[in-house]
>>> print(open('model_22.tsv').read())   # TSV, C-alpha atoms
chain	number	residue	atom	x	y	z
A	1	MET	CA	80.67	-0.43	145.51
A	2	LEU	CA	82.47	-1.31	148.76
A	3	PHE	CA	83.02	-4.99	147.97
A	4	GLN	CA	84.73	-4.28	144.67
A	5	GLN	CA	87.63	-2.40	146.19
A	6	ASN	CA	91.10	-3.85	146.18
A	7	TYR	CA	92.14	-3.97	149.84
A	8	SER	CA	95.48	-5.33	151.01
A	9	GLY	CA	96.14	-7.06	147.73
A	10	ILE	CA	92.87	-9.01	147.79
A	11	ASN	CA	90.64	-8.46	144.79
A	12	THR	CA	87.32	-8.76	146.54
A	13	LYS	CA	85.40	-8.43	143.26
A	14	ARG	CA	86.62	-11.88	142.23
A	15	SER	CA	86.34	-13.45	145.63
A	16	LEU	CA	83.47	-15.91	145.83
A	17	PHE	CA	83.51	-15.47	149.59
A	18	PHE	CA	82.67	-11.78	149.29
A	19	GLN	CA	80.04	-12.36	146.61
A	20	LYS	CA	78.24	-15.06	148.59
A	21	ALA	CA	78.60	-13.48	152.03
A	22	PRO	CA	78.67	-9.69	151.76
A	23	PHE	CA	78.27	-9.22	155.52
A	24	TRP	CA	81.37	-11.30	156.21
A	25	GLY	CA	83.19	-9.49	153.44
A	26	PHE	CA	82.37	-6.16	155.07
A	27	LEU	CA	83.40	-7.52	158.46
A	28	PHE	CA	86.72	-8.68	157.01
A	29	LEU	CA	87.41	-5.25	155.56
A	30	TYR	CA	86.53	-3.60	158.86
A	31	LEU	CA	88.56	-5.96	161.02
A	32	TYR	CA	91.72	-5.61	159.00
A	33	LYS	CA	91.60	-1.84	159.27
A	34	MET	CA	92.13	-2.20	163.01
A	35	ARG	CA	95.68	-1.45	164.10
A	36	ILE	CA	97.40	-1.82	167.42
A	37	TRP	CA	100.40	0.37	166.69
A	38	SER	CA	103.92	-0.66	167.65
A	39	LEU	CA	104.82	3.03	167.52
A	40	HIS	CA	104.93	5.22	170.60
A	41	PRO	CA	101.45	6.73	171.18
A	42	SER	CA	102.94	10.24	171.08
A	43	LEU	CA	103.31	9.87	167.29
A	44	LEU	CA	99.56	9.55	166.78
A	45	ASP	CA	97.17	12.40	166.12
A	46	SER	CA	94.05	12.83	168.27
A	47	LYS	CA	91.87	10.60	166.09
A	48	GLY	CA	94.53	7.93	166.01
A	49	LEU	CA	95.00	7.98	169.78
A	50	VAL	CA	91.27	7.66	170.45
A	51	ALA	CA	90.99	4.83	167.91
A	52	LEU	CA	94.00	3.08	169.45
A	53	TRP	CA	92.43	3.25	172.91
A	54	ARG	CA	89.11	1.89	171.67
A	55	GLU	CA	90.60	-0.87	169.51
A	56	THR	CA	93.06	-2.01	172.16
A	57	LEU	CA	90.25	-2.19	174.73
A	58	LEU	CA	88.44	-4.44	172.26
A	59	ALA	CA	91.59	-6.55	171.93
A	60	LYS	CA	91.75	-6.79	175.72
A	61	ASN	CA	88.15	-8.08	175.72
A	62	VAL	CA	89.19	-10.73	173.20
A	63	LEU	CA	92.05	-11.86	175.42
A	64	GLU	CA	89.62	-12.00	178.37
A	65	ASN	CA	87.19	-14.11	176.29
A	66	LYS	CA	84.50	-11.44	176.68
A	67	THR	CA	83.80	-11.14	172.96
A	68	ARG	CA	83.85	-13.42	169.94
A	69	GLY	CA	84.85	-10.81	167.39
A	70	TYR	CA	88.48	-10.11	166.48
A	71	LYS	CA	89.58	-13.48	167.95
A	72	PHE	CA	91.81	-14.26	165.02
A	73	HIS	CA	93.07	-10.76	164.30
A	74	PRO	CA	96.73	-11.12	163.30
A	75	GLN	CA	97.97	-8.26	165.48
A	76	LEU	CA	96.80	-10.09	168.61
A	77	SER	CA	99.32	-12.87	168.05
A	78	ARG	CA	102.15	-10.91	169.64
A	79	PHE	CA	100.12	-10.56	172.84
A	80	LYS	CA	98.90	-14.16	172.78
A	81	LYS	CA	102.49	-15.43	172.51
A	82	ASN	CA	103.43	-13.56	175.68
A	83	ALA	CA	103.64	-15.49	178.96
A	84	ASN	CA	100.96	-13.19	180.39
A	85	PRO	CA	98.88	-11.75	177.51
A	86	LEU	CA	96.52	-9.79	179.75
A	87	ASN	CA	99.36	-8.14	181.61
A	88	ALA	CA	101.00	-7.23	178.29
A	89	ILE	CA	97.83	-5.64	176.89
A	90	ASN	CA	97.20	-3.80	180.15
A	91	PHE	CA	100.76	-2.45	180.07
A	92	TYR	CA	100.17	-1.38	176.47
A	93	LEU	CA	96.91	0.36	177.42
A	94	GLN	CA	98.53	2.04	180.41
A	95	GLU	CA	101.02	3.77	178.13
A	96	VAL	CA	98.20	4.88	175.82
A	97	TYR	CA	96.41	6.22	178.89
A	98	PHE	CA	99.52	8.19	179.97
A	99	GLU	CA	99.70	9.80	176.53
A	100	SER	CA	96.00	10.67	176.70
A	101	GLN	CA	96.57	12.42	180.03
A	102	LYS	CA	99.37	14.53	178.53
A	103	ARG	CA	96.89	15.70	175.90
A	104	GLY	CA	94.07	16.39	178.36
A	105	PHE	CA	91.87	13.52	177.19
A	106	ASN	CA	89.46	11.81	179.56
A	107	PHE	CA	90.15	8.09	179.05
A	108	ASN	CA	88.80	5.85	181.81
A	109	ILE	CA	91.71	4.21	183.65
A	110	ASN	CA	89.23	1.82	185.29
A	111	LYS	CA	88.87	0.00	181.97
A	112	ILE	CA	92.32	-1.52	182.45
A	113	ASN	CA	93.94	-3.53	185.22
A	114	GLN	CA	97.10	-2.25	186.87
A	115	PRO	CA	99.88	-4.20	185.12
A	116	ILE	CA	102.80	-5.61	187.02
A	117	PHE	CA	106.29	-5.33	185.53
A	118	GLN	CA	106.12	-6.46	181.94
A	119	ASP	CA	108.93	-8.09	179.98
A	120	LYS	CA	109.36	-6.39	176.66
A	121	ILE	CA	108.14	-8.00	173.46
A	122	SER	CA	110.60	-8.16	170.56
A	123	LEU	CA	109.65	-6.26	167.43
A	124	ASN	CA	111.47	-6.30	164.13
A	125	SER	CA	112.98	-2.99	163.01
A	126	GLU	CA	111.38	-3.14	159.56
A	127	GLN	CA	107.96	-3.55	161.20
A	128	LEU	CA	108.48	-0.28	163.05
A	129	ASN	CA	109.59	1.43	159.83
A	130	TYR	CA	106.59	0.05	157.95
A	131	GLU	CA	104.15	1.27	160.60
A	132	PHE	CA	105.75	4.72	160.68
A	133	THR	CA	105.42	5.01	156.91
A	134	HIS	CA	101.82	3.80	157.14
A	135	LEU	CA	101.00	6.36	159.84
A	136	GLN	CA	102.69	9.20	158.00
A	137	ASN	CA	100.67	8.43	154.88
A	138	LYS	CA	97.50	8.74	156.95
A	139	LEU	CA	98.66	11.94	158.64
A	140	LYS	CA	99.65	13.62	155.39
A	141	THR	CA	96.00	14.42	154.76
A	142	ARG	CA	94.37	13.89	158.16
A	143	ASP	CA	96.74	16.00	160.30
A	144	PRO	CA	99.51	17.80	158.37
A	145	ARG	CA	100.81	19.43	161.58
A	146	LYS	CA	101.39	16.04	163.22
A	147	PHE	CA	102.90	14.76	159.97
A	148	LYS	CA	105.52	17.55	160.04
A	149	GLU	CA	106.14	17.09	163.76
A	150	ASN	CA	106.80	13.36	163.30
A	151	ASN	CA	109.18	14.01	160.41
A	152	GLN	CA	111.37	16.08	162.72
A	153	ASN	CA	112.16	13.04	164.87
A	154	ASN	CA	115.69	11.66	164.49
A	155	SER	CA	114.44	8.16	165.25
A	156	ILE	CA	111.14	6.32	165.44
A	157	PRO	CA	110.19	5.69	169.06
A	158	PRO	CA	108.43	2.37	169.69
A	159	HIS	CA	105.72	1.80	172.25
A	160	PRO	CA	107.53	1.07	175.57
A	161	LEU	CA	106.21	-2.52	175.52
A	162	PHE	CA	108.45	-3.33	172.55
A	163	THR	CA	112.17	-3.73	172.18
A	164	ILE	CA	113.49	-3.36	168.65
A	165	ILE	CA	115.61	-6.06	167.04
A	166	ASN	CA	116.92	-6.22	163.49
A	167	GLY	CA	114.49	-7.97	161.22
A	168	GLU	CA	111.91	-7.82	158.48
A	169	ILE	CA	108.23	-6.91	158.62
A	170	GLU	CA	106.43	-9.23	161.05
A	171	ASP	CA	104.60	-12.27	159.67
A	172	TRP	CA	101.30	-11.09	161.17
A	173	GLU	CA	101.33	-7.78	159.28
A	174	ILE	CA	98.82	-7.35	156.48
A	175	LEU	CA	100.63	-5.22	153.94
A	176	THR	CA	98.80	-2.39	152.24
A	177	ASN	CA	99.75	-0.27	149.28
A	178	PHE	CA	100.35	3.36	150.21
>>> encode(input="model_22.tsv", output="structure tokens")
Amino acid sequence: MLFQQNYSGINTKRSLFFQKAPFWGFLFLYLYKMRIWSLHPSLLDSKGLVALWRETLLAKNVLENKTRGYKFHPQLSRFKKNANPLNAINFYLQEVYFESQKRGFNFNINKINQPIFQDKISLNSEQLNYEFTHLQNKLKTRDPRKFKENNQNNSIPPHPLFTIINGEIEDWEILTNF
């Protein structure tokens, strides 16, 4: 049964919240599967790139107050803290769009606004390492070719929006067991 799974260290079987409100429990599980990667989009497989585009467009709608869902998603905090959150998310999406073009995908550029120059957002080095490990665990079974390709990199490239600083996993990250 879906609500009895252990997800991100939360034993949902024992959680009164999940027992009394199964819809909200399902929504919680779905929301926390969303990921706006700090990694460069070139590291993602096709499914991951499409999901990133879709989920980041949803995040953009949250920042524009066009939707009520995902408002408190932890990964949005890094955009909300920025002086211009909408410009930051548009810059992020623009880079995802560029990667989609390299792969021959047909993402709609009209869904994003043309960003002006964007100051980089600091990202802790251990966060980047954690996300790379998380992605590679997904790719091991989903796309072994991409898994091998990523393992040949000498370093882990971040999304161009981020500048890497020494530090631990970010406070907003919801840790999962691989």
>>> closest_atom_pairs(input="model_22.tsv", of="range 109-135 of chain A", to="range 59-66 of chain A", cutoff="12 Å", atoms="only C-alpha atoms", output="tab-separated table")
residue	atom	partner	partner_atom	distance
A:Lys111	CA	A:Lys60	CA	9.7
A:Ile112	CA	A:Lys60	CA	8.6
A:Asn113	CA	A:Lys60	CA	10.3
>>> atom_distance(input="model_22.tsv", atom1="CA of Lys81 in chain A", atom2="CA of Ile174 in chain A")
18.3 Å
>>> closest_residue(input="model_22.tsv", among="A:Asn84, A:Gln101, A:Asn137, A:Pro41", to="Phe117 in chain A", atoms="all atoms listed in the file")
A:Asn84
>>> atom_distance(input="model_22.tsv", atom1="CA of Phe162 in chain A", atom2="CA of Lys120 in chain A")
5.2 Å
>>> closest_residue(input="model_22.tsv", among="A:Glu95, A:Glu131, A:Glu149, A:Glu170", to="Trp37 in chain A", atoms="only C-alpha atoms")
A:Glu131
>>> axis_aligned_box(input="model_22.tsv", around="range 142-155 of chain A", padding_each_side="5 Å", output="AutoDock Vina command-line options")
--center_x 105.0 --center_y 13.8 --center_z 161.7 --size_x 31.3 --size_y 21.3 --size_z 17.1
>>> closest_residue(input="model_22.tsv", among="A:Glu55, A:Asp119, A:Ser42, A:Asn82", to="Pro158 in chain A", atoms="all atoms listed in the file")
A:Ser42
>>> closest_residue(input="model_22.tsv", among="A:Ala51, A:Ile109, A:Gly104, A:Gln118", to="Ile89 in chain A", atoms="all atoms listed in the file")
A:Gln118
>>> atom_distance(input="model_22.tsv", atom1="CA of Trp53 in chain A", atom2="CA of Leu93 in chain A")
7.0 Å
>>> residues_around(input="model_22.tsv", residues="Ser122 in chain A", least_positions_apart="6", cutoff="12 Å", atoms="only C-alpha atoms", output="PyMOL selection string")
chain A and resi 38+78-79+81-82+128+158-167+170
>>> residues_around(input="model_22.tsv", residues="Leu135 in chain A", least_positions_apart="5", cutoff="12 Å", atoms="only C-alpha atoms", output="PyMOL selection string")
chain A and resi 35-41+43-45+47-49+128-130+140-144+146-147+150-151+156+176+178
>>> closest_residue(input="model_22.tsv", among="A:Tyr70, A:Glu173, A:Arg145, A:Phe98", to="Glu126 in chain A", atoms="all atoms listed in the file")
A:Glu173
>>> closest_residue(input="model_22.tsv", among="A:Asn87, A:Thr56, A:Ser155, A:Asn106", to="Gln75 in chain A", atoms="only C-alpha atoms")
A:Thr56
>>> decode(input="model_22.tsv", residues="range 86-106 of chain A", atoms="N, CA and C atoms", output="PDB file, in the first residue's frame")
ATOM      1  N   LEU A  86      11.958  35.718  -9.998  1.00  0.00           N
ATOM      2  CA  LEU A  86      11.460  35.370 -11.332  1.00  0.00           C
ATOM      3  C   LEU A  86      12.572  35.409 -12.373  1.00  0.00           C
ATOM      4  N   ASN A  87      13.461  36.361 -12.263  1.00  0.00           N
ATOM      5  CA  ASN A  87      14.586  36.406 -13.186  1.00  0.00           C
ATOM      6  C   ASN A  87      15.467  35.171 -12.997  1.00  0.00           C
ATOM      7  N   ALA A  88      15.692  34.780 -11.755  1.00  0.00           N
ATOM      8  CA  ALA A  88      16.526  33.608 -11.469  1.00  0.00           C
ATOM      9  C   ALA A  88      15.905  32.347 -12.059  1.00  0.00           C
ATOM     10  N   ILE A  89      14.601  32.155 -11.886  1.00  0.00           N
ATOM     11  CA  ILE A  89      13.969  30.939 -12.402  1.00  0.00           C
ATOM     12  C   ILE A  89      13.904  30.964 -13.926  1.00  0.00           C
ATOM     13  N   ASN A  90      13.733  32.151 -14.507  1.00  0.00           N
ATOM     14  CA  ASN A  90      13.760  32.248 -15.965  1.00  0.00           C
ATOM     15  C   ASN A  90      15.152  31.952 -16.522  1.00  0.00           C
ATOM     16  N   PHE A  91      16.187  32.419 -15.829  1.00  0.00           N
ATOM     17  CA  PHE A  91      17.557  32.091 -16.237  1.00  0.00           C
ATOM     18  C   PHE A  91      17.772  30.583 -16.156  1.00  0.00           C
ATOM     19  N   TYR A  92      17.296  29.993 -15.071  1.00  0.00           N
ATOM     20  CA  TYR A  92      17.410  28.540 -14.894  1.00  0.00           C
ATOM     21  C   TYR A  92      16.728  27.816 -16.056  1.00  0.00           C
ATOM     22  N   LEU A  93      15.492  28.218 -16.350  1.00  0.00           N
ATOM     23  CA  LEU A  93      14.734  27.586 -17.438  1.00  0.00           C
ATOM     24  C   LEU A  93      15.393  27.808 -18.796  1.00  0.00           C
ATOM     25  N   GLN A  94      15.987  28.968 -18.989  1.00  0.00           N
ATOM     26  CA  GLN A  94      16.647  29.238 -20.267  1.00  0.00           C
ATOM     27  C   GLN A  94      17.762  28.227 -20.522  1.00  0.00           C
ATOM     28  N   GLU A  95      18.523  27.906 -19.497  1.00  0.00           N
ATOM     29  CA  GLU A  95      19.601  26.929 -19.646  1.00  0.00           C
ATOM     30  C   GLU A  95      19.054  25.529 -19.923  1.00  0.00           C
ATOM     31  N   VAL A  96      17.926  25.192 -19.311  1.00  0.00           N
ATOM     32  CA  VAL A  96      17.281  23.903 -19.589  1.00  0.00           C
ATOM     33  C   VAL A  96      16.812  23.892 -21.044  1.00  0.00           C
ATOM     34  N   TYR A  97      16.267  25.014 -21.480  1.00  0.00           N
ATOM     35  CA  TYR A  97      15.827  25.139 -22.873  1.00  0.00           C
ATOM     36  C   TYR A  97      17.008  24.947 -23.835  1.00  0.00           C
ATOM     37  N   PHE A  98      18.150  25.576 -23.564  1.00  0.00           N
ATOM     38  CA  PHE A  98      19.327  25.430 -24.425  1.00  0.00           C
ATOM     39  C   PHE A  98      19.739  23.961 -24.540  1.00  0.00           C
ATOM     40  N   GLU A  99      19.710  23.252 -23.419  1.00  0.00           N
ATOM     41  CA  GLU A  99      20.058  21.822 -23.449  1.00  0.00           C
ATOM     42  C   GLU A  99      19.036  21.036 -24.271  1.00  0.00           C
ATOM     43  N   SER A 100      17.770  21.402 -24.151  1.00  0.00           N
ATOM     44  CA  SER A 100      16.737  20.702 -24.930  1.00  0.00           C
ATOM     45  C   SER A 100      16.952  20.899 -26.428  1.00  0.00           C
ATOM     46  N   GLN A 101      17.402  22.087 -26.813  1.00  0.00           N
ATOM     47  CA  GLN A 101      17.663  22.362 -28.226  1.00  0.00           C
ATOM     48  C   GLN A 101      18.818  21.516 -28.751  1.00  0.00           C
ATOM     49  N   LYS A 102      19.853  21.338 -27.940  1.00  0.00           N
ATOM     50  CA  LYS A 102      20.988  20.499 -28.337  1.00  0.00           C
ATOM     51  C   LYS A 102      20.547  19.070 -28.616  1.00  0.00           C
ATOM     52  N   ARG A 103      19.502  18.631 -27.906  1.00  0.00           N
ATOM     53  CA  ARG A 103      19.018  17.254 -28.050  1.00  0.00           C
ATOM     54  C   ARG A 103      17.887  17.130 -29.069  1.00  0.00           C
ATOM     55  N   GLY A 104      17.485  18.237 -29.654  1.00  0.00           N
ATOM     56  CA  GLY A 104      16.422  18.198 -30.660  1.00  0.00           C
ATOM     57  C   GLY A 104      15.022  18.139 -30.081  1.00  0.00           C
ATOM     58  N   PHE A 105      14.869  18.530 -28.826  1.00  0.00           N
ATOM     59  CA  PHE A 105      13.550  18.563 -28.203  1.00  0.00           C
ATOM     60  C   PHE A 105      12.818  19.826 -28.636  1.00  0.00           C
ATOM     61  N   ASN A 106      11.511  19.814 -28.428  1.00  0.00           N
ATOM     62  CA  ASN A 106      10.686  20.941 -28.865  1.00  0.00           C
ATOM     63  C   ASN A 106      10.043  21.631 -27.665  1.00  0.00           C
TER      64      ASN A 106
END
